[in-house]
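File shown: data.cif. Contents: mmCIF, C-alpha atoms.
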data_protein
#
loop_
_atom_site.label_atom_id
_atom_site.label_comp_id
_atom_site.auth_asym_id
_atom_site.auth_seq_id
_atom_site.Cartn_x
_atom_site.Cartn_y
_atom_site.Cartn_z
CA MET A 1 0.00 0.00 0.00
CA SER A 2 1.33 3.37 -0.91
CA LYS A 3 2.05 6.04 1.65
CA VAL A 4 1.64 9.80 1.40
CA ILE A 5 4.31 11.68 3.35
CA VAL A 6 4.45 15.44 3.81
CA ILE A 7 7.75 17.19 4.51
CA THR A 8 6.81 20.32 6.42
CA SER A 9 8.19 22.84 8.92
CA GLY A 10 6.40 26.16 8.97
CA LYS A 11 9.63 28.08 8.82
CA GLY A 12 11.49 28.53 5.53
CA GLY A 13 15.07 27.57 4.85
CA VAL A 14 15.27 24.70 7.32
CA GLY A 15 15.80 22.00 4.68
CA LYS A 16 12.40 20.77 3.48
CA THR A 17 13.35 20.60 -0.19
CA THR A 18 16.80 19.17 0.53
CA THR A 19 15.18 16.53 2.72
CA THR A 20 12.48 15.72 0.18
CA ALA A 21 15.15 15.13 -2.47
CA ALA A 22 17.44 13.17 -0.14
CA ILE A 23 14.71 10.93 1.28
CA GLY A 24 13.03 10.46 -2.09
CA ALA A 25 16.29 9.37 -3.70
CA ALA A 26 17.26 7.15 -0.77
CA LEU A 27 13.90 5.33 -0.87
CA ALA A 28 14.01 4.98 -4.66
CA LYS A 29 17.52 3.56 -4.46
CA THR A 30 16.10 0.59 -2.57
CA GLY A 31 13.96 -0.17 -5.62
CA GLN A 32 10.70 1.28 -4.37
CA LYS A 33 8.65 3.51 -6.61
CA VAL A 34 8.81 7.10 -5.40
CA VAL A 35 7.34 10.38 -6.59
CA VAL A 36 8.32 13.73 -5.07
CA ILE A 37 5.85 16.60 -5.50
CA ASP A 38 6.59 20.30 -5.17
CA PHE A 39 3.69 22.22 -3.58
CA ASP A 40 5.44 25.58 -3.64
CA VAL A 41 3.45 27.22 -6.43
CA GLY A 42 5.23 30.31 -7.70
CA LEU A 43 8.51 29.52 -5.93
CA ARG A 44 9.30 26.01 -7.09
CA ASN A 45 12.75 24.70 -6.28
CA LEU A 46 12.50 20.94 -5.94
CA ASP A 47 13.17 20.64 -9.70
CA LEU A 48 16.40 22.60 -9.24
CA VAL A 49 17.58 20.58 -6.24
CA MET A 50 16.77 17.36 -8.13
CA GLY A 51 18.59 18.61 -11.22
CA SER A 52 15.58 18.35 -13.51
CA GLU A 53 14.89 22.07 -13.92
CA ARG A 54 15.38 22.00 -17.69
CA ARG A 55 13.02 19.10 -18.21
CA VAL A 56 9.87 20.66 -16.75
CA VAL A 57 7.26 20.95 -19.51
CA PHE A 58 4.00 20.46 -17.64
CA ASP A 59 3.42 20.95 -13.95
CA PHE A 60 1.11 20.03 -11.10
CA ILE A 61 -1.36 22.85 -11.86
CA ASN A 62 -1.52 21.89 -15.55
CA VAL A 63 -2.67 18.44 -14.46
CA ILE A 64 -5.22 19.80 -11.97
CA GLN A 65 -6.69 22.03 -14.65
CA GLY A 66 -6.78 19.25 -17.24
CA GLU A 67 -4.23 20.83 -19.58
CA ALA A 68 -1.91 17.84 -19.35
CA SER A 69 -2.13 14.25 -18.25
CA LEU A 70 -0.31 13.05 -15.16
CA SER A 71 2.09 10.94 -17.19
CA GLN A 72 2.98 13.97 -19.31
CA ALA A 73 3.80 16.01 -16.21
CA LEU A 74 5.77 13.36 -14.33
CA ILE A 75 9.52 13.74 -14.90
CA LYS A 76 11.53 10.54 -14.59
CA ASP A 77 14.82 10.90 -12.80
CA LYS A 78 17.80 10.15 -15.05
CA ARG A 79 19.83 8.47 -12.31
CA ILE A 80 17.24 6.29 -10.61
CA GLU A 81 14.59 4.62 -12.67
CA THR A 82 12.02 4.34 -9.89
CA LEU A 83 12.13 8.04 -8.97
CA SER A 84 9.86 10.69 -10.48
CA ILE A 85 9.19 14.34 -9.80
CA LEU A 86 6.09 16.43 -10.25
CA ALA A 87 7.03 20.12 -10.46
CA ALA A 88 5.00 23.02 -9.13
CA SER A 89 3.84 25.78 -11.41
CA GLN A 90 6.12 28.80 -11.49
CA THR A 91 3.55 31.18 -12.95
CA ARG A 92 0.11 30.31 -11.65
CA ASP A 93 -1.63 31.54 -8.56
CA LYS A 94 -1.50 29.19 -5.60
CA ASP A 95 -5.30 29.27 -5.38
CA ALA A 96 -5.19 26.89 -8.33
CA LEU A 97 -4.36 24.16 -5.80
CA THR A 98 -7.91 23.00 -5.14
CA GLU A 99 -8.67 20.31 -2.61
CA ASP A 100 -10.53 18.19 -5.18
CA GLY A 101 -7.77 18.66 -7.74
CA VAL A 102 -5.01 17.65 -5.32
CA LYS A 103 -7.03 14.64 -4.11
CA LYS A 104 -7.61 13.40 -7.63
CA ILE A 105 -3.90 13.56 -8.46
CA ILE A 106 -2.79 11.93 -5.23
CA ASP A 107 -5.32 9.12 -5.72
CA GLU A 108 -3.98 8.58 -9.22
CA LEU A 109 -0.36 8.62 -7.98
CA LYS A 110 -1.22 6.04 -5.32
CA GLU A 111 -1.87 3.53 -8.09
CA LYS A 112 1.60 4.03 -9.58
CA PHE A 113 3.91 4.70 -6.62
CA ASP A 114 4.81 3.23 -3.24
CA TRP A 115 5.77 6.59 -1.75
CA ILE A 116 4.28 9.98 -2.51
CA ILE A 117 6.44 12.63 -0.89
CA CYS A 118 4.96 16.11 -0.73
CA ASP A 119 7.41 19.00 -0.36
CA SER A 120 5.50 21.71 1.50
CA PRO A 121 6.14 25.41 1.01
CA ALA A 122 7.02 27.48 4.09
CA GLY A 123 4.22 29.20 5.95
CA ILE A 124 0.70 28.04 6.77
CA GLU A 125 -1.07 29.24 3.65
CA ARG A 126 -2.92 27.26 1.03
CA GLY A 127 0.13 25.51 -0.46
CA ALA A 128 1.28 24.26 2.94
CA LYS A 129 -2.23 23.19 3.95
CA MET A 130 -2.75 21.31 0.68
CA ALA A 131 0.65 19.60 0.93
CA MET A 132 -0.31 18.10 4.28
CA HIS A 133 -4.01 17.62 3.68
CA PHE A 134 -3.94 14.05 2.37
CA ALA A 135 -0.84 12.91 4.25
CA ASP A 136 -0.68 9.62 6.13
CA GLU A 137 2.51 10.67 7.84
CA ALA A 138 4.38 13.91 8.33
CA ILE A 139 8.06 14.61 8.73
CA VAL A 140 8.43 17.88 10.61
CA ILE A 141 11.79 19.50 9.88
CA THR A 142 13.25 21.55 12.71
CA ASN A 143 16.52 23.41 13.13
CA PRO A 144 17.93 23.70 16.66
CA GLU A 145 16.92 27.31 16.86
CA VAL A 146 14.04 29.09 18.64
CA SER A 147 12.07 30.40 15.68
CA SER A 148 12.17 27.05 13.91
CA VAL A 149 10.98 25.16 17.00
CA ARG A 150 8.14 27.60 17.53
CA ASP A 151 6.98 27.28 13.92
CA SER A 152 7.21 23.49 14.09
CA ASP A 153 4.96 23.54 17.13
CA ARG A 154 2.41 25.52 15.18
CA ILE A 155 2.63 23.12 12.24
CA ILE A 156 2.10 20.13 14.56
CA GLY A 157 -1.08 21.83 15.78
CA ILE A 158 -2.28 22.31 12.22
CA LEU A 159 -1.48 18.69 11.30
CA ASP A 160 -3.67 17.63 14.20
CA SER A 161 -6.57 19.87 13.31
CA THR A 162 -6.99 20.62 9.60
CA THR A 163 -5.81 17.55 7.68
CA GLU A 164 -8.17 15.01 6.13
CA LYS A 165 -7.13 12.45 8.75
CA ALA A 166 -7.81 14.94 11.57
CA GLN A 167 -11.24 15.71 10.16
CA LYS A 168 -12.05 11.99 10.18
CA GLY A 169 -10.95 11.80 13.79
CA GLU A 170 -7.75 9.93 12.92
CA LYS A 171 -4.19 11.09 13.41
CA VAL A 172 -1.45 11.90 10.95
CA ILE A 173 1.64 10.02 12.18
CA LYS A 174 4.28 12.63 12.96
CA HIS A 175 8.06 12.33 12.92
CA LEU A 176 10.61 14.92 13.93
CA LEU A 177 13.69 15.37 11.77
CA ILE A 178 16.30 17.73 13.18
CA THR A 179 18.49 19.25 10.49
CA ARG A 180 21.60 21.45 10.50
CA TYR A 181 22.64 19.97 13.82
CA ALA A 182 26.07 20.99 15.09
CA THR A 183 27.05 18.40 17.70
CA ASN A 184 29.82 20.53 19.18
CA ARG A 185 27.71 23.60 19.74
CA ALA A 186 24.89 21.57 21.26
CA ALA A 187 27.32 19.79 23.59
CA HIS A 188 28.67 23.13 24.79
CA GLY A 189 25.20 24.43 25.53
CA ASP A 190 25.35 27.03 22.78
CA MET A 191 22.60 25.43 20.73
CA LEU A 192 19.35 23.69 21.65
CA ASN A 193 20.16 19.99 21.89
CA THR A 194 18.04 17.03 20.80
CA ASP A 195 16.52 16.49 24.25
CA ASP A 196 15.53 20.15 24.53
CA ILE A 197 13.72 20.00 21.19
CA LEU A 198 12.06 16.66 21.96
CA ASP A 199 10.92 17.97 25.36
CA ILE A 200 9.26 20.93 23.74
CA LEU A 201 7.73 19.37 20.63
CA SER A 202 7.12 15.88 22.06
CA ILE A 203 6.82 13.96 18.80
CA PRO A 204 9.06 10.96 18.06
CA LEU A 205 12.44 11.56 16.49
CA ILE A 206 13.16 9.99 13.10
CA GLY A 207 16.67 11.34 12.63
CA ILE A 208 19.27 14.01 13.17
CA ILE A 209 21.02 15.40 10.11
CA PRO A 210 24.36 17.00 10.95
CA GLU A 211 25.34 20.32 9.43
CA SER A 212 27.53 19.54 6.43
CA ASP A 213 29.17 21.15 3.42
CA GLU A 214 27.95 18.20 1.36
CA ILE A 215 24.39 19.55 1.51
CA LEU A 216 25.33 22.78 -0.27
CA ARG A 217 27.49 20.85 -2.69
CA ALA A 218 24.57 18.55 -3.51
CA SER A 219 22.21 21.42 -4.30
CA ASN A 220 24.92 23.12 -6.36
CA LEU A 221 25.17 19.93 -8.41
CA GLY A 222 21.43 19.32 -8.61
CA THR A 223 21.85 15.87 -7.11
CA PRO A 224 20.17 14.69 -3.88
CA VAL A 225 22.88 14.36 -1.22
CA THR A 226 22.10 10.67 -0.80
CA LEU A 227 23.28 10.21 -4.40
CA SER A 228 26.06 12.79 -4.65
CA ALA A 229 27.81 11.73 -1.45
CA PRO A 230 26.19 8.50 -0.22
CA ASP A 231 28.86 7.88 2.41
CA SER A 232 28.83 11.39 3.87
CA ALA A 233 27.48 12.00 7.36
CA PRO A 234 24.20 13.63 6.24
CA SER A 235 23.53 10.82 3.74
CA ARG A 236 24.04 8.15 6.38
CA ALA A 237 21.67 10.05 8.65
CA TYR A 238 19.07 10.27 5.87
CA THR A 239 19.49 6.59 5.03
CA ASP A 240 18.88 5.66 8.67
CA ALA A 241 15.85 7.95 8.71
CA ILE A 242 14.22 6.18 5.74
CA LYS A 243 14.79 2.84 7.42
CA ARG A 244 12.98 4.14 10.49
CA LEU A 245 10.26 5.49 8.21
CA GLN A 246 9.80 1.91 6.98
CA GLY A 247 9.46 0.66 10.52
CA GLU A 248 12.99 -0.55 11.26
CA LYS A 249 14.16 -0.01 14.79
CA ILE A 250 17.55 1.64 14.61
CA GLU A 251 19.17 3.50 17.44
CA ILE A 252 19.42 7.23 16.76
CA THR A 253 22.99 8.36 16.21
CA ILE A 254 24.50 11.50 14.77
CA PRO A 255 26.91 10.38 12.05
CA THR A 256 30.12 12.33 11.68
CA ASP A 257 32.54 12.65 8.82
CA LYS A 258 35.76 10.94 9.69
CA LYS A 259 38.42 13.59 9.40
CA GLY A 260 41.82 12.11 8.73
CA PHE A 261 45.08 13.98 8.67
CA PHE A 262 44.89 14.29 4.90
CA ASP A 263 41.43 15.84 4.96
CA TRP A 264 42.69 18.33 7.45
CA LEU A 265 45.70 19.15 5.33
CA LEU A 266 43.66 19.43 2.13
CA LYS A 267 41.09 21.66 3.77
CA ARG A 268 43.82 23.97 4.98
CA ASN A 269 45.30 24.31 1.53
CA ARG A 270 42.04 24.84 -0.25
CA MET B 1 41.29 43.29 30.96
CA SER B 2 39.77 41.94 34.13
CA PHE B 3 36.40 42.80 32.65
CA PHE B 4 37.25 40.77 29.58
CA PHE B 5 38.23 37.74 31.63
CA SER B 6 35.27 37.85 33.94
CA ASN B 7 33.05 38.20 30.94
CA PHE B 8 34.75 35.30 29.26
CA PHE B 9 34.40 32.96 32.20
CA ASN B 10 30.93 33.99 33.25
CA LYS B 11 29.38 33.84 29.81
CA LYS B 12 26.33 31.63 30.37
CA ASN B 13 25.23 29.04 27.87
CA SER B 14 22.42 30.32 25.75
CA ALA B 15 20.63 27.04 24.99
CA PRO B 16 18.90 26.75 28.42
CA VAL B 17 17.60 30.30 28.02
CA ALA B 18 16.26 29.42 24.58
CA LYS B 19 14.52 26.36 25.98
CA ASP B 20 12.88 28.25 28.85
CA ARG B 21 11.67 31.03 26.61
CA LEU B 22 10.20 28.54 24.15
CA GLN B 23 8.42 26.52 26.82
CA ILE B 24 6.72 29.60 28.25
CA LEU B 25 5.80 30.98 24.85
CA LEU B 26 4.46 27.70 23.49
CA ALA B 27 2.37 26.97 26.58
CA HIS B 28 0.72 30.29 25.89
CA GLU B 29 0.35 29.81 22.13
CA ARG B 30 -0.97 26.27 22.37
CA SER B 31 -3.80 27.29 24.65
CA ALA B 32 -4.50 30.31 22.47
CA THR B 33 -4.75 28.37 19.21
CA SER B 34 -6.48 25.29 20.57
CA ASN B 35 -9.33 27.21 22.09
CA GLN B 36 -10.22 30.66 20.82
CA SER B 37 -12.86 31.38 23.48
CA ASP B 38 -10.32 30.59 26.18
CA SER B 39 -7.91 33.09 24.77
CA ASP B 40 -10.67 35.71 24.66
CA LEU B 41 -11.39 35.02 28.31
CA ILE B 42 -7.73 35.37 29.21
CA GLN B 43 -7.48 38.67 27.40
CA LYS B 44 -10.55 39.95 29.17
CA LEU B 45 -9.17 38.84 32.53
CA GLN B 46 -5.83 40.45 31.79
CA LYS B 47 -7.47 43.77 30.92
CA GLU B 48 -9.68 43.83 33.99
CA ILE B 49 -6.96 42.73 36.40
CA MET B 50 -4.70 45.42 34.93
CA ALA B 51 -7.39 48.04 35.45
CA VAL B 52 -7.77 47.10 39.12
CA ILE B 53 -4.06 47.11 39.81
CA GLN B 54 -3.44 50.32 37.96
CA LYS B 55 -5.83 52.10 40.28
CA HIS B 56 -3.18 51.69 42.93
CA ILE B 57 0.20 51.25 41.26
CA THR B 58 1.58 51.88 37.81
CA ILE B 59 2.98 48.77 36.19
CA ASP B 60 4.19 47.71 32.81
CA GLN B 61 1.67 45.77 30.69
CA GLU B 62 4.43 43.39 29.70
CA LYS B 63 5.25 42.52 33.29
CA ILE B 64 1.98 40.62 33.62
CA GLN B 65 1.77 36.95 32.70
CA ILE B 66 -1.56 35.17 32.74
CA LYS B 67 -1.70 31.47 32.06
CA VAL B 68 -4.42 28.87 32.13
CA ASP B 69 -3.49 25.23 32.63
CA LYS B 70 -6.23 22.79 31.84
CA GLY B 71 -6.12 19.54 33.76
CA SER B 72 -8.60 16.70 33.67
CA ALA B 73 -9.78 17.19 37.26
CA CYS B 74 -9.24 20.92 37.65
CA SER B 75 -7.69 23.84 35.86
CA THR B 76 -5.51 26.56 37.26
CA LEU B 77 -5.33 30.23 36.45
CA GLU B 78 -1.88 31.60 37.10
CA ILE B 79 -1.31 35.32 37.36
CA ASP B 80 2.24 36.58 37.59
CA ILE B 81 2.75 40.28 38.16
CA GLU B 82 6.11 41.90 38.52
CA VAL B 83 5.85 44.81 40.96
CA PRO B 84 8.23 47.73 40.34
CA GLN B 85 11.05 48.44 42.78
CA GLN B 86 9.51 51.47 44.54
CA TYR B 87 6.56 49.47 45.93
CA LYS B 88 8.66 46.83 47.65
#
Conversion result in structure tokens:
Amino acid sequence: MSKVIVITSGKGGVGKTTTTAAIGAALAKTGQKVVVIDFDVGLRNLDLVMGSERRVVFDFINVIQGEASLSQALIKDKRIETLSILAASQTRDKDALTEDGVKKIIDELKEKFDWIICDSPAGIERGAKMAMHFADEAIVITNPEVSSVRDSDRIIGILDSTTEKAQKGEKVIKHLLITRYATNRAAHGDMLNTDDILDILSIPLIGIIPESDEILRASNLGTPVTLSAPDSAPSRAYTDAIKRLQGEKIEITIPTDKKGFFDWLLKRNR
Amino acid sequence: MSFFFSNFFNKKNSAPVAKDRLQILLAHERSATSNQSDSDLIQKLQKEIMAVIQKHITIDQEKIQIKVDKGSACSTLEIDIEVPQQYK
């Protein structure tokens, strides 16, 4: 049975799109059929992070409005056969995201894919509400920083009150993913640590992604980090997170990049 | 120089402050968003309590914290008012 996952946060710039790409690619690499959908109408970026920005012909809104079929709008990833992307419209108004339209497309996608991963825009407007509306599970992205935690708390409230599941009296399963985590600063008490964030938000943790240069490198290249640097610390953290998403019980660790003498020397000379 | 050193050694960690501030703020926001009529009631209470106190002493609006905690058996209304120095 296919699962609809929303990647959400409230606050912008915390790593929703990066995470959508990384998790989507990591799941697809295991052979499962995955589609990632951009809900950020007018400010689409998932196509850019996935490296398929020049292949967008039709988008999500075109399909909702019947101007293109779903198979015309789905872009197949060139690196992984089982991964597809559905881009958001760059020109239309976000009001074009109607509840009926989104439902129809998600129902259709459920027949073709195992995982439907919805990349939510920042904020709590229509795009964000529609991205989470039909979700079975939510991954709430939080940075160890006060404004991000506050916004995540708000988003958790909205997940529990306005989604289709909430309206039926059921619950969207929620997972917390902490991104941009700097172990050193947290250990020294200069940054909210994992326990602080868990205490405040009280939803189960699915992973901790350490701050890493590889993330920026991946978006520069237009390749999800789990493909561009599969052995890097953030990729290992993402890979563990998708295993937990599939129900595996793995102890939460914060992977680190092993820094040998040579790395240190090279970095100094760069 | 001595100022620099004392500052350096006494510099408190900022994460615990962040956590405390968030916990207070979110307790307030959660009750406000989960139940609109409750938040209206709290605002009304805050206004009226302010009016009574200001008859006697002048205090800063921001120095008043009003919080409602809803329990299953009973709820508590917590009013925290910081009184200025001269009234101590």
Worksheet item: So what does the PyMOL selection byres ((chain A) within 6 of (chain B)) actually pick up in this one, as a PyMOL selection string?
Response: chain A and resi 189-192
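Interatomic distance, CA of Ser89 in chain A against CA of Arg44 in chain A: 7.0 Å.
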Worksheet entry | Near-Leu109 in chain A list (9 Å; all atoms listed in the file; drop same-chain fewer than 6 positions) as a list in words |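 Contacts, in chain order: Ser2, Val35, Leu70, Trp115 and Ile116 of chain A.
Between CA of Leu245 in chain A and CA of Ile61 in chain A there is a distance of 29.0 Å.
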Worksheet entry | Straight-line distance linking CA of Ile79 in chain B with CA of Asp153 in chain A, stated in Å to one decimal | 24.2 Å
Discussion item. Using the chain letters and numbers from this file, what does the PyMOL selection byres ((chain A and resi 9) around 7) select? Give the answer as a PyMOL selection string.
Written reply: chain A and resi 8+10-11+122+140-142+151-152+155
Practice prompt. Run the PyMOL selection byres ((chain A and resi 36) around 8) on the file and write out the hits as number ranges by chain.
Written response: A: 20-21, 24, 34-35, 37-38, 83-86, 116-119
Worksheet item: What lies within 9 Å of Phe39 in chain A using all atoms listed in the file, ignoring chain neighbours under 2 positions off, as an NGL selection string?
Response: :A and (37 or 41 or 44 or 60 or 87-89 or 94 or 97 or 118-121 or 127-128 or 130-131)
Fill in: Polymer residues at most 8 Å from Asp160 in chain A, all atoms listed in the file, same-chain spacing of 3 or more positions, as a list in words
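Once the nearby chain positions are removed, what remains is Ile156, Gly157, Thr163, Ala166, Lys171 and Val172 of chain A.
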Practice prompt. Might you pull out every residue within 7 Å of range 207-211 of chain A, with all atoms listed in the file counted and same-chain residues fewer than 6 positions away left off, and present them as a list in words?
Written response: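 Residues near the query, excluding close chain neighbours: Leu177, Ile178, Thr179, Arg180, Tyr181, Ala182, Ala233, Pro234, Ala237, Tyr238, Ala241, Ile252 and Ile254 of chain A.
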Fill in: Which of A:Arg244, A:Lys103, A:His133, A:Lys112 sits closest to Lys33 in chain A [using all atoms listed in the file]
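Ranked by minimum distance to Lys33 in chain A, first place goes to A:Lys112.
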Discussion item. Report as a list in words all protein, DNA and RNA residues lying within 8 Å of Ile64 in chain B, evaluated on all atoms listed in the file, omitting residues in the same chain fewer than 5 positions from it.
Written reply: Ile79, Asp80, Ile81 and Glu82 of chain B
Practice prompt. Could you give me, as a list in words, the residues that sit within 6 Å of (9.5, 32.6, -10.8) in the file's coordinates, counting only C-alpha atoms?
Written response: Gly42, Leu43 and Gln90 of chain A
Let me see the file: selected residues, C-alpha atoms, as a CSV table (one decimal), keeping the file's coordinate frame.
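Result went into part27.csv, see below:
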chain,number,residue,atom,x,y,z
A,42,GLY,CA,5.2,30.3,-7.7
A,43,LEU,CA,8.5,29.5,-5.9
A,90,GLN,CA,6.1,28.8,-11.5
When you write range 169-178 of chain A out from the block above, keep all heavy atoms and present the result as a compact mmCIF listing (two decimals), in the first residue's frame, please.
# COMPACT_ATOMS: atom_id res chain seq x y z
N GLY A 169 -11.19 12.23 12.42
CA GLY A 169 -10.95 11.80 13.79
C GLY A 169 -9.75 10.87 13.93
O GLY A 169 -9.55 10.27 14.97
N GLU A 170 -8.97 10.74 12.84
CA GLU A 170 -7.75 9.93 12.92
C GLU A 170 -6.55 10.86 13.10
O GLU A 170 -6.71 12.06 13.14
CB GLU A 170 -7.58 9.12 11.63
CG GLU A 170 -8.71 8.14 11.38
CD GLU A 170 -8.68 7.61 9.94
OE1 GLU A 170 -7.59 7.55 9.36
OE2 GLU A 170 -9.76 7.29 9.43
N LYS A 171 -5.38 10.26 13.20
CA LYS A 171 -4.19 11.09 13.41
C LYS A 171 -3.18 10.90 12.28
O LYS A 171 -2.97 9.78 11.81
CB LYS A 171 -3.52 10.71 14.73
CG LYS A 171 -4.25 11.29 15.93
CD LYS A 171 -3.31 12.11 16.78
CE LYS A 171 -4.09 13.12 17.58
NZ LYS A 171 -3.36 13.73 18.65
N VAL A 172 -2.59 11.99 11.85
CA VAL A 172 -1.45 11.90 10.95
C VAL A 172 -0.26 11.48 11.83
O VAL A 172 -0.04 12.06 12.88
CB VAL A 172 -1.16 13.28 10.30
CG1 VAL A 172 0.12 13.23 9.47
CG2 VAL A 172 -2.33 13.73 9.45
N ILE A 173 0.47 10.43 11.40
CA ILE A 173 1.64 10.02 12.18
C ILE A 173 2.74 11.06 11.98
O ILE A 173 3.04 11.42 10.84
CB ILE A 173 2.13 8.62 11.72
CG1 ILE A 173 1.03 7.59 12.00
CG2 ILE A 173 3.43 8.24 12.40
CD1 ILE A 173 1.27 6.24 11.36
N LYS A 174 3.29 11.54 13.07
CA LYS A 174 4.28 12.63 12.96
C LYS A 174 5.67 12.17 13.37
O LYS A 174 5.83 11.40 14.32
CB LYS A 174 3.85 13.81 13.83
CG LYS A 174 2.52 14.42 13.39
CD LYS A 174 2.06 15.53 14.30
CE LYS A 174 1.69 15.06 15.67
NZ LYS A 174 0.41 14.37 15.79
N HIS A 175 6.66 12.62 12.60
CA HIS A 175 8.06 12.33 12.92
C HIS A 175 8.81 13.64 12.96
O HIS A 175 8.57 14.52 12.15
CB HIS A 175 8.70 11.46 11.83
CG HIS A 175 7.93 10.25 11.46
ND1 HIS A 175 7.97 9.08 12.17
CD2 HIS A 175 7.07 10.02 10.44
CE1 HIS A 175 7.20 8.18 11.60
NE2 HIS A 175 6.64 8.72 10.54
N LEU A 176 9.77 13.72 13.86
CA LEU A 176 10.61 14.92 13.93
C LEU A 176 11.96 14.63 13.30
O LEU A 176 12.61 13.64 13.60
CB LEU A 176 10.80 15.32 15.40
CG LEU A 176 11.69 16.54 15.65
CD1 LEU A 176 11.01 17.80 15.12
CD2 LEU A 176 11.98 16.69 17.13
N LEU A 177 12.36 15.49 12.36
CA LEU A 177 13.69 15.37 11.77
C LEU A 177 14.44 16.66 12.07
O LEU A 177 14.04 17.74 11.64
CB LEU A 177 13.61 15.14 10.26
CG LEU A 177 14.95 14.89 9.58
CD1 LEU A 177 15.47 13.49 9.88
CD2 LEU A 177 14.84 15.06 8.07
N ILE A 178 15.51 16.55 12.84
CA ILE A 178 16.30 17.73 13.18
C ILE A 178 17.41 17.87 12.13
O ILE A 178 18.14 16.91 11.87
CB ILE A 178 16.90 17.60 14.60
CG1 ILE A 178 15.77 17.42 15.62
CG2 ILE A 178 17.75 18.82 14.94
CD1 ILE A 178 16.24 17.18 17.03
